[in-house]
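**Student:** My questions will all concern the structure given below.
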Amino acid sequence: MFRSFLSLLAFCLFIHGLNAQTDTTPSSRLTVQQLSPESARLHQETTEVESFSNKLAALKTAFAAKDASRIVAYEAYLLRALHHETEQMAARNPAGQHLGKMTAILAAFEAHAFDPARPESAARDFAKLDEFLKIMQEELESLKIIKR
């Protein structure tokens, strides 16, 4: 009898401990769906700029290491990002000051391949990609100013 009482008491304490550990307060972390449309767009653009910057840095590292497979992978990612950003810019502001530059840079990379044996050519290509990143950063800053 005493054993069953102790077992019941232990079980009740166990259940009470489980209930005490549940967090019933709502999370203070906002998801993208909970943001205003302007804040969600700013969040998306910030993520795109950071991702492009990281992939460009990774491409430069892969080029320095002469790792052909990583060069091809990062270049393909950047080409998709160039397409995406140019399309976004054309949809948002067809007469924008940066659209012409972005389109020219995109056209330069359409049938392009980085060749580790030609570092002088790659330096010009990296300069074009850095310019594209700078345009993306300027657009992001203009969105931040508009949001304020």
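Residues in the structure tokens are numbered from 1 in each chain, the chains being A, B, ... in the order shown, and ligands are numbered from 1 in the order shown.
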Within 12 Å of Ile146 of chain A, counting only C-alpha atoms, which residues show up once you throw out same-chain ones fewer than 4 positions away? Write them as a PyMOL selection string, please.
**Tutor:** chain A and resi 38-39+41-42+139-142
**Student:** Convert the current residue selection to file output with all heavy atoms, as a tab-separated table (two decimals), in the first residue's frame.
**Tutor:**
```tsv
chain	number	residue	atom	x	y	z
A	38	GLU	N	5.84	46.79	-45.74
A	38	GLU	CA	7.09	47.52	-45.92
A	38	GLU	C	8.23	46.87	-45.16
A	38	GLU	O	9.34	46.74	-45.68
A	38	GLU	CB	6.93	48.99	-45.46
A	38	GLU	CG	5.92	49.78	-46.23
A	38	GLU	CD	4.50	49.58	-45.70
A	38	GLU	OE1	4.33	49.18	-44.52
A	38	GLU	OE2	3.55	49.81	-46.46
A	39	SER	N	7.97	46.44	-43.94
A	39	SER	CA	9.00	45.78	-43.14
A	39	SER	C	9.37	44.43	-43.72
A	39	SER	O	10.54	44.05	-43.71
A	39	SER	CB	8.52	45.61	-41.70
A	39	SER	OG	8.33	46.86	-41.09
A	41	ARG	N	9.24	43.58	-46.89
A	41	ARG	CA	10.04	43.84	-48.09
A	41	ARG	C	11.45	44.25	-47.70
A	41	ARG	O	12.42	43.80	-48.32
A	41	ARG	CB	9.38	44.94	-48.92
A	41	ARG	CG	10.14	45.25	-50.18
A	41	ARG	CD	9.36	46.16	-51.08
A	41	ARG	NE	10.20	46.58	-52.17
A	41	ARG	CZ	10.25	47.80	-52.64
A	41	ARG	NH1	9.46	48.72	-52.13
A	41	ARG	NH2	11.04	48.11	-53.62
A	42	LEU	N	11.59	45.08	-46.69
A	42	LEU	CA	12.91	45.49	-46.21
A	42	LEU	C	13.69	44.29	-45.72
A	42	LEU	O	14.88	44.14	-46.01
A	42	LEU	CB	12.77	46.55	-45.12
A	42	LEU	CG	14.07	47.09	-44.54
A	42	LEU	CD1	14.88	47.80	-45.63
A	42	LEU	CD2	13.77	48.04	-43.39
A	139	GLU	N	20.16	50.61	-53.16
A	139	GLU	CA	18.70	50.41	-53.21
A	139	GLU	C	18.16	50.04	-51.83
A	139	GLU	O	17.08	50.49	-51.43
A	139	GLU	CB	18.34	49.35	-54.24
A	139	GLU	CG	18.55	49.78	-55.67
A	139	GLU	CD	17.66	50.93	-56.08
A	139	GLU	OE1	16.47	50.94	-55.72
A	139	GLU	OE2	18.17	51.84	-56.76
A	140	LEU	N	18.90	49.22	-51.10
A	140	LEU	CA	18.48	48.83	-49.76
A	140	LEU	C	18.46	50.05	-48.85
A	140	LEU	O	17.53	50.24	-48.07
A	140	LEU	CB	19.40	47.74	-49.20
A	140	LEU	CG	19.12	47.28	-47.78
A	140	LEU	CD1	17.74	46.65	-47.69
A	140	LEU	CD2	20.19	46.30	-47.32
A	141	GLU	N	19.47	50.89	-48.95
A	141	GLU	CA	19.51	52.10	-48.13
A	141	GLU	C	18.34	53.03	-48.47
A	141	GLU	O	17.77	53.63	-47.56
A	141	GLU	CB	20.84	52.84	-48.32
A	141	GLU	CG	22.00	52.16	-47.63
A	141	GLU	CD	21.79	51.97	-46.14
A	141	GLU	OE1	21.35	52.92	-45.45
A	141	GLU	OE2	22.07	50.86	-45.65
A	142	SER	N	17.98	53.12	-49.74
A	142	SER	CA	16.84	53.95	-50.10
A	142	SER	C	15.55	53.40	-49.53
A	142	SER	O	14.66	54.15	-49.13
A	142	SER	CB	16.74	54.13	-51.62
A	142	SER	OG	16.38	52.92	-52.24
```
**Student:** If I take atom CA of Gln137 of chain A and atom CA of Val49 of chain A, how far is one from the other in Å, to one decimal?
**Tutor:**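 Between these atoms lies a distance of 6.6 Å.
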**Student:** Using Å and a single decimal, report how far atom CA of His98 of chain A sits from atom CA of Leu59 of chain A.
**Tutor:**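 Here the two named atoms are 23.8 Å from each other.
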**Student:** Under the rule that only C-alpha atoms are counted, which of A:Ala107, A:Pro37, A:Arg3, A:Ala58 is the nearest residue to Ile71 of chain A?
**Tutor:** A:Ala58
**Student:** Would you list the contacts of segment 115-119 of chain A as a list of chain:residue names, taking every protein, DNA or RNA residue within 9 Å and counting only C-alpha atoms, but skipping same-chain residues closer than 4 positions in sequence?
**Tutor:** A:Phe63, A:Ala64, A:Ala65, A:Lys66, A:Asp67, A:Ala68, A:Ala123, A:Arg124
**Student:** Quick one: residues within 12 Å of Ile135 of chain A, only C-alpha atoms counted, chain neighbours fewer than 3 positions away excluded, as a ChimeraX atom specification?
**Tutor:** /A:49,52-53,82,85-86,89,96-103,105,128-132,138-142
**Student:** Could you tell me how far atom CA of His112 of chain A sits from atom CA of Arg80 of chain A, in Å to one decimal place?
**Tutor:**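 According to the coordinates, atom CA of Arg80 of chain A and atom CA of His112 of chain A are separated by 12.9 Å.
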**Student:** Point out the residue among A:Ala73, A:Ala91, A:Ala81, A:Met1 with the least atom-to-atom distance to Ala113 of chain A, counting only C-alpha atoms.
**Tutor:**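 Closest to Ala113 of chain A, using only C-alpha atoms: A:Ala73.
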